[in-house]
file start33.cif (mmCIF, C-alpha atoms (C1' of nucleotides))
data_final
#
loop_
_atom_site.label_atom_id
_atom_site.label_comp_id
_atom_site.auth_asym_id
_atom_site.auth_seq_id
_atom_site.Cartn_x
_atom_site.Cartn_y
_atom_site.Cartn_z
CA MET A 1 -17.70 32.99 11.07
CA ALA A 2 -17.43 31.07 14.30
CA ARG A 3 -15.51 27.94 13.59
CA THR A 4 -16.25 24.62 15.14
CA ILE A 5 -13.28 22.90 16.60
CA ASN A 6 -13.20 20.27 13.94
CA GLU A 7 -13.50 21.62 10.48
CA ARG A 8 -12.71 19.71 7.37
CA ALA A 9 -9.59 21.77 6.87
CA ASP A 10 -8.38 20.93 10.36
CA VAL A 11 -8.55 17.22 9.87
CA VAL A 12 -6.93 17.03 6.43
CA PRO A 13 -3.33 17.36 7.66
CA LEU A 14 -3.90 14.59 10.18
CA ILE A 15 -5.25 12.29 7.51
CA ALA A 16 -2.27 13.25 5.36
CA GLU A 17 0.05 11.98 8.06
CA VAL A 18 -1.66 8.60 8.02
CA PHE A 19 -1.39 8.33 4.24
CA ARG A 20 2.24 9.36 4.39
CA GLU A 21 3.00 6.76 7.01
CA PHE A 22 1.11 3.79 5.63
CA GLY A 23 0.40 4.52 1.99
CA TYR A 24 -3.07 4.60 0.47
CA GLU A 25 -3.89 0.92 0.93
CA GLY A 26 -2.35 0.74 4.36
CA ALA A 27 -4.21 3.79 5.63
CA SER A 28 -7.28 2.06 7.03
CA LEU A 29 -10.25 3.97 8.32
CA SER A 30 -9.56 2.65 11.78
CA ARG A 31 -6.08 4.17 11.67
CA ILE A 32 -7.53 7.43 10.41
CA THR A 33 -10.14 7.31 13.15
CA GLU A 34 -7.42 6.75 15.70
CA LYS A 35 -5.26 9.60 14.43
CA THR A 36 -8.00 12.16 14.03
CA GLY A 37 -10.09 11.18 17.02
CA LEU A 38 -13.14 11.26 14.78
CA GLY A 39 -15.54 8.35 14.40
CA LYS A 40 -16.44 6.96 11.02
CA GLY A 41 -19.70 8.84 11.09
CA SER A 42 -17.90 12.16 11.34
CA LEU A 43 -15.36 11.21 8.72
CA TYR A 44 -18.09 10.33 6.26
CA HIS A 45 -19.85 13.54 7.13
CA PHE A 46 -16.78 15.50 5.99
CA PHE A 47 -15.87 13.18 3.17
CA PRO A 48 -19.00 11.54 1.72
CA GLY A 49 -16.83 9.92 -0.92
CA GLY A 50 -14.97 8.00 1.75
CA LYS A 51 -11.33 7.18 1.62
CA GLU A 52 -10.88 8.22 -1.98
CA GLU A 53 -12.26 11.68 -1.24
CA MET A 54 -9.98 11.93 1.77
CA ALA A 55 -6.98 11.21 -0.40
CA THR A 56 -8.14 13.71 -2.99
CA ALA A 57 -8.48 16.36 -0.31
CA VAL A 58 -5.05 15.54 1.06
CA LEU A 59 -3.45 15.75 -2.37
CA ALA A 60 -5.16 19.08 -3.01
CA ASP A 61 -3.88 20.35 0.33
CA VAL A 62 -0.32 19.34 -0.46
CA ASP A 63 -0.59 20.85 -3.91
CA GLN A 64 -1.86 24.11 -2.51
CA TRP A 65 1.07 24.30 -0.14
CA PHE A 66 3.62 23.80 -2.87
CA GLU A 67 1.79 26.10 -5.22
CA ARG A 68 1.94 28.88 -2.67
CA PHE A 69 5.36 28.43 -1.14
CA VAL A 70 7.31 26.94 -4.01
CA TYR A 71 5.81 27.12 -7.50
CA GLU A 72 4.39 30.62 -7.38
CA PRO A 73 7.57 32.20 -6.00
CA LEU A 74 9.56 30.37 -8.66
CA ARG A 75 7.35 31.87 -11.35
CA GLN A 76 7.17 35.38 -9.95
CA ASP A 77 9.99 36.29 -7.64
CA ASP A 78 13.59 37.05 -8.30
CA PRO A 79 14.97 33.74 -9.65
CA ALA A 80 17.95 33.43 -7.34
CA SER A 81 16.05 34.10 -4.15
CA ALA A 82 13.07 32.00 -5.27
CA VAL A 83 15.33 29.02 -5.91
CA ALA A 84 17.04 29.53 -2.57
CA GLY A 85 13.61 29.70 -1.00
CA MET A 86 12.67 26.43 -2.67
CA TRP A 87 15.52 24.54 -1.02
CA ALA A 88 14.63 25.96 2.35
CA ALA A 89 10.93 25.20 1.88
CA VAL A 90 11.66 21.65 0.75
CA ASP A 91 13.97 20.96 3.65
CA GLY A 92 11.37 22.28 6.04
CA TYR A 93 8.42 20.53 4.48
CA PHE A 94 10.04 17.12 4.43
CA ARG A 95 11.35 17.64 7.94
CA SER A 96 14.95 17.32 6.81
CA GLY A 97 14.33 13.86 5.45
CA GLY A 98 12.18 12.59 8.30
CA ARG A 99 9.03 12.88 6.27
CA VAL A 100 8.16 11.16 3.03
CA CYS A 101 6.65 12.66 -0.11
CA LEU A 102 3.04 11.54 -0.22
CA VAL A 103 2.73 12.23 -3.92
CA GLY A 104 5.85 10.24 -4.71
CA ALA A 105 4.64 7.36 -2.58
CA PHE A 106 1.24 7.33 -4.29
CA ALA A 107 2.98 7.41 -7.65
CA LEU A 108 4.83 4.17 -7.05
CA ASP A 109 2.03 1.68 -6.53
CA GLY A 110 -1.36 0.92 -8.04
CA THR A 111 -2.77 4.01 -6.34
CA ARG A 112 -1.24 6.14 -9.07
CA ASP A 113 -4.06 5.52 -11.51
CA MET A 114 -6.72 6.74 -9.08
CA PHE A 115 -5.10 10.15 -8.71
CA SER A 116 -3.41 10.44 -12.04
CA ASP A 117 -4.07 14.13 -12.62
CA ALA A 118 -3.08 15.27 -9.15
CA ILE A 119 0.16 13.29 -9.21
CA ASP A 120 1.07 14.29 -12.72
CA GLY A 121 0.24 17.94 -12.10
CA TYR A 122 2.21 18.19 -8.89
CA PHE A 123 5.47 17.13 -10.51
CA ARG A 124 4.86 18.73 -13.87
CA ARG A 125 4.17 22.15 -12.40
CA TRP A 126 7.12 21.85 -10.05
CA ILE A 127 9.50 21.13 -12.90
CA GLU A 128 8.00 23.83 -15.10
CA ALA A 129 8.10 26.48 -12.41
CA LEU A 130 11.70 25.67 -11.59
CA ARG A 131 12.65 25.67 -15.24
CA ASP A 132 11.04 29.08 -15.63
CA ALA A 133 13.11 30.49 -12.83
CA LEU A 134 16.29 29.00 -14.27
CA VAL A 135 15.55 30.43 -17.71
CA ARG A 136 14.90 33.85 -16.21
CA HIS A 137 18.20 33.48 -14.44
CA GLY A 138 19.91 33.09 -17.81
CA ARG A 139 20.04 29.35 -18.40
CA GLY A 140 19.20 27.99 -21.85
CA ASP A 141 15.79 26.41 -22.38
CA LYS A 142 16.92 22.86 -22.87
CA ALA A 143 19.55 22.88 -20.15
CA ALA A 144 17.08 24.49 -17.76
CA THR A 145 14.60 21.68 -18.31
CA MET A 146 17.20 19.04 -17.62
CA ASP A 147 18.41 20.88 -14.54
CA ALA A 148 14.90 21.24 -13.20
CA GLU A 149 14.16 17.57 -13.75
CA GLU A 150 17.35 16.58 -12.02
CA ALA A 151 16.61 18.70 -8.98
CA VAL A 152 13.10 17.33 -8.60
CA PHE A 153 13.92 13.68 -9.09
CA GLY A 154 16.97 14.15 -6.90
CA ILE A 155 14.76 15.33 -4.07
CA GLN A 156 12.43 12.37 -4.52
CA GLY A 157 15.26 9.88 -4.60
CA ALA A 158 16.89 11.41 -1.56
CA LEU A 159 13.63 10.98 0.34
CA VAL A 160 13.42 7.34 -0.68
CA LEU A 161 17.00 6.64 0.32
CA ALA A 162 16.87 8.58 3.58
CA ARG A 163 13.84 6.59 4.63
CA ALA A 164 15.22 3.27 3.38
CA LEU A 165 18.46 3.70 5.30
CA ARG A 166 16.80 5.43 8.23
CA ASP A 167 19.34 8.15 7.77
CA PRO A 168 17.68 11.56 7.58
CA SER A 169 21.09 13.23 7.41
CA LEU A 170 21.44 11.82 3.92
CA PHE A 171 18.62 14.11 2.84
CA GLY A 172 20.43 17.21 4.00
CA ARG A 173 23.63 16.15 2.24
CA ALA A 174 21.69 15.43 -0.91
CA LEU A 175 19.93 18.80 -0.89
CA LYS A 176 23.28 20.57 -0.51
CA ARG A 177 24.68 18.63 -3.42
CA LEU A 178 21.67 19.25 -5.64
CA GLN A 179 21.73 22.91 -4.77
CA LEU A 180 25.35 23.21 -5.83
CA ARG A 181 24.57 21.35 -9.05
CA LEU A 182 21.86 23.84 -9.90
CA GLY A 183 24.44 26.60 -9.48
CA VAL A 184 22.00 29.38 -8.67
CA MET B 185 16.99 -33.45 -10.81
CA ALA B 186 13.79 -33.52 -12.76
CA ARG B 187 12.00 -30.27 -12.12
CA THR B 188 8.31 -29.92 -11.78
CA ILE B 189 6.82 -27.18 -13.85
CA ASN B 190 6.05 -25.01 -10.90
CA GLU B 191 8.92 -24.66 -8.53
CA ARG B 192 9.15 -22.05 -5.87
CA ALA B 193 11.84 -20.28 -7.83
CA ASP B 194 9.60 -20.10 -10.88
CA VAL B 195 6.79 -18.35 -9.13
CA VAL B 196 8.84 -15.77 -7.22
CA PRO B 197 9.33 -13.41 -10.18
CA LEU B 198 5.60 -13.45 -10.86
CA ILE B 199 4.82 -12.57 -7.28
CA ALA B 200 7.44 -9.85 -7.52
CA GLU B 201 5.53 -8.30 -10.38
CA VAL B 202 2.38 -8.12 -8.27
CA PHE B 203 4.23 -6.46 -5.40
CA ARG B 204 5.85 -4.02 -7.78
CA GLU B 205 2.53 -3.11 -9.29
CA PHE B 206 0.37 -2.82 -6.18
CA GLY B 207 2.74 -2.47 -3.23
CA TYR B 208 2.78 -4.81 -0.27
CA GLU B 209 -0.65 -3.93 1.09
CA GLY B 210 -2.25 -3.79 -2.33
CA ALA B 211 -0.89 -7.15 -3.38
CA SER B 212 -3.76 -9.33 -2.25
CA LEU B 213 -3.59 -13.09 -2.35
CA SER B 214 -6.33 -13.12 -4.94
CA ARG B 215 -4.22 -10.94 -7.21
CA ILE B 216 -1.23 -13.19 -6.62
CA THR B 217 -3.39 -16.22 -7.34
CA GLU B 218 -4.56 -14.61 -10.55
CA LYS B 219 -1.05 -13.69 -11.69
CA THR B 220 0.60 -17.01 -10.86
CA GLY B 221 -2.28 -19.28 -11.73
CA LEU B 222 -1.77 -21.04 -8.42
CA GLY B 223 -4.49 -21.50 -5.83
CA LYS B 224 -4.03 -20.45 -2.26
CA GLY B 225 -3.32 -24.03 -1.28
CA SER B 226 -0.33 -24.17 -3.60
CA LEU B 227 0.91 -20.76 -2.55
CA TYR B 228 0.82 -21.75 1.10
CA HIS B 229 2.57 -24.98 0.20
CA PHE B 230 5.48 -22.98 -1.20
CA PHE B 231 5.30 -20.19 1.35
CA PRO B 232 4.02 -21.50 4.68
CA GLY B 233 4.61 -18.08 6.17
CA GLY B 234 2.07 -16.58 3.80
CA LYS B 235 2.31 -13.15 2.27
CA GLU B 236 5.17 -12.03 4.46
CA GLU B 237 7.29 -14.99 3.41
CA MET B 238 6.44 -14.30 -0.23
CA ALA B 239 7.70 -10.76 0.13
CA THR B 240 10.84 -11.96 1.88
CA ALA B 241 11.49 -14.39 -0.95
CA VAL B 242 10.91 -11.68 -3.53
CA LEU B 243 13.28 -9.28 -1.79
CA ALA B 244 15.93 -12.00 -1.56
CA ASP B 245 15.50 -12.69 -5.26
CA VAL B 246 15.93 -9.05 -6.17
CA ASP B 247 18.92 -8.78 -3.88
CA GLN B 248 20.54 -11.81 -5.43
CA TRP B 249 20.15 -10.33 -8.88
CA PHE B 250 21.78 -7.06 -7.92
CA GLU B 251 24.47 -8.81 -5.94
CA ARG B 252 25.41 -10.86 -8.96
CA PHE B 253 25.05 -8.40 -11.79
CA VAL B 254 25.82 -5.11 -10.09
CA TYR B 255 27.46 -5.21 -6.64
CA GLU B 256 29.90 -8.04 -7.18
CA PRO B 257 31.22 -6.66 -10.48
CA LEU B 258 31.62 -3.26 -8.84
CA ARG B 259 33.74 -4.84 -6.12
CA GLN B 260 35.80 -7.09 -8.30
CA ASP B 261 36.01 -6.01 -11.91
CA ASP B 262 37.83 -3.19 -13.54
CA PRO B 263 36.16 -0.08 -12.08
CA ALA B 264 35.43 1.69 -15.34
CA SER B 265 33.83 -1.28 -17.03
CA ALA B 266 31.99 -2.33 -13.88
CA VAL B 267 30.44 1.11 -13.56
CA ALA B 268 29.51 1.10 -17.23
CA GLY B 269 28.00 -2.32 -16.68
CA MET B 270 25.98 -0.99 -13.77
CA TRP B 271 24.26 1.64 -15.89
CA ALA B 272 23.41 -0.91 -18.53
CA ALA B 273 22.16 -3.41 -15.95
CA VAL B 274 20.03 -0.78 -14.22
CA ASP B 275 18.51 0.40 -17.46
CA GLY B 276 17.69 -3.16 -18.40
CA TYR B 277 16.38 -4.20 -15.01
CA PHE B 278 14.01 -1.28 -14.65
CA ARG B 279 12.88 -1.66 -18.24
CA SER B 280 14.09 1.80 -19.14
CA GLY B 281 11.83 3.36 -16.56
CA GLY B 282 8.78 1.21 -17.20
CA ARG B 283 9.33 -0.77 -14.06
CA VAL B 284 9.44 0.43 -10.50
CA CYS B 285 11.96 -0.41 -7.79
CA LEU B 286 10.24 -2.78 -5.39
CA VAL B 287 12.70 -2.07 -2.61
CA GLY B 288 12.24 1.64 -2.96
CA ALA B 289 8.46 1.26 -2.96
CA PHE B 290 8.54 -0.89 0.17
CA ALA B 291 10.80 1.65 1.82
CA LEU B 292 8.28 4.45 1.51
CA ASP B 293 5.30 3.14 3.44
CA GLY B 294 4.70 1.26 6.68
CA THR B 295 5.96 -1.90 5.04
CA ARG B 296 9.51 -0.69 5.60
CA ASP B 297 9.63 -1.87 9.18
CA MET B 298 8.70 -5.45 8.28
CA PHE B 299 11.67 -5.82 5.96
CA SER B 300 14.07 -3.43 7.54
CA ASP B 301 17.22 -5.48 7.05
CA ALA B 302 16.55 -6.40 3.44
CA ILE B 303 15.75 -2.83 2.46
CA ASP B 304 18.63 -1.34 4.38
CA GLY B 305 21.09 -3.91 3.04
CA TYR B 306 20.06 -3.52 -0.57
CA PHE B 307 20.82 0.17 -0.66
CA ARG B 308 23.74 0.11 1.71
CA ARG B 309 25.60 -2.55 -0.26
CA TRP B 310 24.83 -0.82 -3.52
CA ILE B 311 26.31 2.44 -2.31
CA GLU B 312 29.32 0.73 -0.74
CA ALA B 313 30.08 -1.34 -3.80
CA LEU B 314 29.84 1.67 -6.05
CA ARG B 315 32.00 3.73 -3.73
CA ASP B 316 34.59 0.96 -3.76
CA ALA B 317 34.76 1.02 -7.52
CA LEU B 318 35.08 4.80 -7.55
CA VAL B 319 37.87 4.74 -5.00
CA ARG B 320 39.72 2.11 -6.98
CA HIS B 321 39.25 4.34 -9.97
CA GLY B 322 41.13 7.07 -8.13
CA ARG B 323 38.43 9.12 -6.44
CA GLY B 324 38.94 10.25 -2.85
CA ASP B 325 37.11 8.41 -0.10
CA LYS B 326 34.74 11.16 0.91
CA ALA B 327 33.96 12.33 -2.58
CA ALA B 328 33.42 8.75 -3.70
CA THR B 329 30.82 8.21 -0.98
CA MET B 330 28.92 11.32 -2.00
CA ASP B 331 29.10 10.38 -5.66
CA ALA B 332 27.84 6.89 -4.97
CA GLU B 333 24.97 8.18 -2.88
CA GLU B 334 24.02 10.64 -5.56
CA ALA B 335 23.97 7.98 -8.26
CA VAL B 336 21.80 5.62 -6.23
CA PHE B 337 19.28 8.16 -5.02
CA GLY B 338 19.25 9.67 -8.49
CA ILE B 339 18.17 6.34 -9.93
CA GLN B 340 15.45 5.98 -7.33
CA GLY B 341 14.14 9.47 -7.89
CA ALA B 342 14.15 9.02 -11.64
CA LEU B 343 12.03 5.90 -11.24
CA VAL B 344 9.55 7.79 -9.07
CA LEU B 345 9.31 10.67 -11.50
CA ALA B 346 9.14 8.52 -14.62
CA ARG B 347 6.24 6.63 -13.14
CA ALA B 348 4.52 9.73 -11.76
CA LEU B 349 4.63 11.49 -15.11
CA ARG B 350 4.09 8.32 -17.09
CA ASP B 351 7.18 9.29 -19.03
CA PRO B 352 9.65 6.42 -19.19
CA SER B 353 11.90 8.49 -21.44
CA LEU B 354 12.69 10.64 -18.43
CA PHE B 355 14.45 7.66 -16.90
CA GLY B 356 16.82 7.28 -19.84
CA ARG B 357 17.63 11.00 -19.78
CA ALA B 358 18.25 10.84 -16.06
CA LEU B 359 20.57 7.84 -16.31
CA LYS B 360 22.61 9.62 -18.98
CA ARG B 361 22.90 12.66 -16.80
CA LEU B 362 23.85 10.71 -13.70
CA GLN B 363 26.40 8.74 -15.69
CA LEU B 364 28.08 11.92 -16.86
CA ARG B 365 28.06 13.26 -13.31
CA LEU B 366 29.91 10.20 -12.10
CA GLY B 367 32.53 10.86 -14.73
CA VAL B 368 33.77 7.31 -15.07
"C1'" DG C 369 -21.85 16.97 13.89
"C1'" DT C 370 -20.86 12.87 16.43
"C1'" DC C 371 -21.63 8.48 17.93
"C1'" DT C 372 -22.96 3.21 17.82
"C1'" DA C 373 -24.58 -0.56 15.37
"C1'" DT C 374 -24.49 -2.99 11.44
"C1'" DA C 375 -24.13 -4.64 6.53
"C1'" DC C 376 -21.42 -6.98 3.44
"C1'" DA C 377 -17.39 -7.72 0.60
"C1'" DG C 378 -12.77 -8.99 0.79
"C1'" DT C 379 -8.68 -10.15 3.49
"C1'" DG C 380 -5.02 -13.64 5.03
"C1'" DA C 381 -4.96 -18.13 6.50
"C1'" DT C 382 -6.20 -23.26 7.45
"C1'" DA C 383 -8.11 -27.96 6.70
"C1'" DG C 384 -8.85 -31.68 4.14
"C1'" DA C 385 -10.25 -34.14 -0.20
"C1'" DC C 386 -8.08 -35.65 -4.26
"C1'" DG D 387 1.17 -30.46 -5.26
"C1'" DT D 388 -3.28 -28.58 -6.26
"C1'" DC D 389 -7.82 -27.65 -5.46
"C1'" DT D 390 -12.29 -26.25 -2.85
"C1'" DA D 391 -14.49 -25.04 1.25
"C1'" DT D 392 -14.37 -22.59 5.09
"C1'" DC D 393 -12.53 -19.80 9.02
"C1'" DA D 394 -12.08 -15.53 11.74
"C1'" DC D 395 -11.15 -11.07 10.96
"C1'" DT D 396 -10.80 -6.43 9.02
"C1'" DG D 397 -11.92 -3.56 5.31
"C1'" DT D 398 -15.08 0.25 3.59
"C1'" DA D 399 -19.38 1.99 3.83
"C1'" DT D 400 -24.26 2.97 5.51
"C1'" DA D 401 -28.23 3.89 8.71
"C1'" DG D 402 -30.12 5.92 12.31
"C1'" DA D 403 -30.22 7.55 17.26
"C1'" DC D 404 -28.87 11.48 19.78
#
call {"tool": "encode", "arguments": {"input": "start33.cif", "output": "structure tokens"}}
result
Amino acid sequence: MARTINERADVVPLIAEVFREFGYEGASLSRITEKTGLGKGSLYHFFPGGKEEMATAVLADVDQWFERFVYEPLRQDDPASAVAGMWAAVDGYFRSGGRVCLVGAFALDGTRDMFSDAIDGYFRRWIEALRDALVRHGRGDKAATMDAEEAVFGIQGALVLARALRDPSLFGRALKRLQLRLGV
Amino acid sequence: MARTINERADVVPLIAEVFREFGYEGASLSRITEKTGLGKGSLYHFFPGGKEEMATAVLADVDQWFERFVYEPLRQDDPASAVAGMWAAVDGYFRSGGRVCLVGAFALDGTRDMFSDAIDGYFRRWIEALRDALVRHGRGDKAATMDAEEAVFGIQGALVLARALRDPSLFGRALKRLQLRLGV
DNA sequence: GTCTATACAGTGATAGAC
DNA sequence: GTCTATCACTGTATAGAC
């Protein structure tokens, strides 16, 4: 039960930061070493598959977070409060636009093909969970799908633009707007 | 006046494709060599500054295209037809969702800082030009800014999602939706 | 479990022949 | 203008001492 200071789970969020900041290709082992304070030997002890396994672990970690704090509530809780919770969770997770979406970033370049299932699943389940909540809230099936898509791609685009313009406040404005659009 | 077969301008779009596909870090010189059919010697003849100069040239090329076919019409032409033209141009340029936005992709990772001005300018001028057209069309200043932002980040997000889900049709749906939202 | 040392491929870049 | 050869360097990954 006693936990060593550095467990695999402890180092994953740090590695995630490096991937978020530099992308998959730009996240060199030396940068990861620097960020985590772990030598290559230790890193390969935790992740025998090397960089690819690190990215897989990071993606699983992100997925787990969203599954727990966003998707599952959307599927189970009262629709209105679950949707409200989603906006709050998203704003918090992406640090009000100061943080980038790792999955979205991976999706854009050649990295996508390496983590196809994880990337696809992340967005697909997000859209489906949100659509479910909207349907339960009384929206028609087709309209709910479109609404859910628009909310999710709106969030992604707002993150891109906020980072491109170095204007995190844009993210907050965008979330407000998207929230109103959803009307729930 | 006689043009050699391979001019700098001829090779820029090919290099752009490599950057779009693999990102800045992933676009190795060997991949660029392969795509263009030019050896490193030739590439460095055209771009003495190496990879960074190639990316700068590519960004300038993209910018020029948007300036000519999107921004300038938005500033000068009849607002309604200019906006309609924008949607058509965007759909064509991004191959109905099959192509990614290079500027958006650069914006997401550590590459951003290398090309700060180009990335910032691309989005800033897009939003401003669109806002101008909306204002001329009768929309209030503040609302026009928000609308313009929403259209631009909506496009970016739709590109991310279309690529993530390998579903180009999502891009077309999204454009339609954004177009209706703009209401012009 | 963590480190250092090292292997080896691939990187961006340069020089010089043609 | 294009190529080949080569450079110094960094990349990921491995081996083995502690």
call {"tool": "residues_around", "arguments": {"input": "start33.cif", "residues": "DT390 (chain D)", "least_positions_apart": "5", "cutoff": "12 Å", "atoms": "only C-alpha atoms (C1' of nucleotides)", "output": "list of chain:residue names"}}
result
B:Gly223, B:Lys224, B:Gly225, C:DA383, C:DG384, C:DA385, C:DC386
call {"tool": "resolve_selection", "arguments": {"input": "start33.cif", "expression": "the PyMOL selection byres ((chain D and resi 396) around 9)", "output": "compact mmCIF listing (two decimals) with C-alpha atoms (C1' of nucleotides), in the frame of the given file"}}
result
# COMPACT_ATOMS: atom_id res chain seq x y z
C1' DG C 378 -12.77 -8.99 0.79
C1' DT C 379 -8.68 -10.15 3.49
C1' DC D 395 -11.15 -11.07 10.96
C1' DG D 397 -11.92 -3.56 5.31
call {"tool": "closest_atom_pairs", "arguments": {"input": "start33.cif", "of": "chain B", "to": "chain D", "cutoff": "10 Å", "atoms": "only C-alpha atoms (C1' of nucleotides)", "output": "CSV"}}
result
residue,atom,partner,partner_atom,distance
B:Thr188,CA,D:DG387,C1',9.7
B:Asn190,CA,D:DG387,C1',9.2
B:Leu222,CA,D:DT388,C1',8.0
B:Gly223,CA,D:DC389,C1',7.0
B:Lys224,CA,D:DC389,C1',8.7
B:Gly225,CA,D:DT388,C1',6.7
B:Ser226,CA,D:DT388,C1',5.9
B:Leu227,CA,D:DT388,C1',9.6
B:His229,CA,D:DG387,C1',7.9
B:Phe230,CA,D:DG387,C1',9.5
call {"tool": "atom_distance", "arguments": {"input": "start33.cif", "atom1": "CA of Asp301 (chain B)", "atom2": "CA of Tyr255 (chain B)"}}
result
17.1 Å
call {"tool": "interface_residues", "arguments": {"input": "start33.cif", "of": "chain C", "to": "chain A", "cutoff": "12 Å", "atoms": "all atoms listed in the file", "output": "VMD selection string"}}
result
chain C and resid 369 to 373
call {"tool": "resolve_selection", "arguments": {"input": "start33.cif", "expression": "the PyMOL selection byres ((chain C and resi 381) around 9)", "output": "list in words"}}
result
Tyr228 and Gly234 of chain B; DG380 and DT382 of chain C; DC393 of chain D
call {"tool": "atom_distance", "arguments": {"input": "start33.cif", "atom1": "CA of Gly338 (chain B)", "atom2": "CA of Asp91 (chain A)"}}
result
17.4 Å
call {"tool": "interface_residues", "arguments": {"input": "start33.cif", "of": "chain B", "to": "chain A", "cutoff": "9 Å", "atoms": "all atoms listed in the file", "output": "PyMOL selection string"}}
result
chain B and resi 203-210+284-296+300+303-305+307-308+330+333-334+336-350+354+357-358+361-362
call {"tool": "build_atoms", "arguments": {"input": "start33.cif", "residues": "region 61-76 of chain A", "atoms": "N, CA and C atoms", "output": "short mmCIF file (atom, residue, chain, number, x, y, z; two decimals), in the frame of the given file"}}
result
data_model
loop_
_atom_site.label_atom_id
_atom_site.label_comp_id
_atom_site.auth_asym_id
_atom_site.auth_seq_id
_atom_site.Cartn_x
_atom_site.Cartn_y
_atom_site.Cartn_z
N ASP A 61 -4.50 19.57 -0.74
CA ASP A 61 -3.88 20.35 0.33
C ASP A 61 -2.37 20.46 0.11
N VAL A 62 -1.75 19.35 -0.19
CA VAL A 62 -0.32 19.34 -0.46
C VAL A 62 -0.01 20.23 -1.66
N ASP A 63 -0.79 20.08 -2.69
CA ASP A 63 -0.59 20.85 -3.91
C ASP A 63 -0.67 22.34 -3.63
N GLN A 64 -1.66 22.71 -2.86
CA GLN A 64 -1.86 24.11 -2.51
C GLN A 64 -0.65 24.67 -1.79
N TRP A 65 -0.10 23.87 -0.88
CA TRP A 65 1.07 24.30 -0.14
C TRP A 65 2.25 24.58 -1.08
N PHE A 66 2.49 23.62 -1.95
CA PHE A 66 3.62 23.80 -2.87
C PHE A 66 3.36 24.92 -3.86
N GLU A 67 2.13 25.02 -4.29
CA GLU A 67 1.79 26.10 -5.22
C GLU A 67 2.12 27.45 -4.57
N ARG A 68 1.76 27.60 -3.35
CA ARG A 68 1.94 28.88 -2.67
C ARG A 68 3.39 29.16 -2.28
N PHE A 69 4.03 28.16 -1.71
CA PHE A 69 5.36 28.43 -1.14
C PHE A 69 6.53 28.04 -2.04
N VAL A 70 6.23 27.35 -3.12
CA VAL A 70 7.31 26.94 -4.01
C VAL A 70 7.08 27.37 -5.46
N TYR A 71 6.00 26.89 -6.06
CA TYR A 71 5.81 27.12 -7.50
C TYR A 71 5.63 28.60 -7.81
N GLU A 72 4.71 29.22 -7.08
CA GLU A 72 4.39 30.62 -7.38
C GLU A 72 5.61 31.54 -7.21
N PRO A 73 6.33 31.42 -6.11
CA PRO A 73 7.57 32.20 -6.00
C PRO A 73 8.53 31.94 -7.16
N LEU A 74 8.65 30.68 -7.56
CA LEU A 74 9.56 30.37 -8.66
C LEU A 74 9.14 31.09 -9.94
N ARG A 75 7.85 31.22 -10.13
CA ARG A 75 7.35 31.87 -11.35
C ARG A 75 7.47 33.39 -11.27
N GLN A 76 7.34 33.93 -10.07
CA GLN A 76 7.17 35.38 -9.95
C GLN A 76 8.36 36.12 -9.37
#
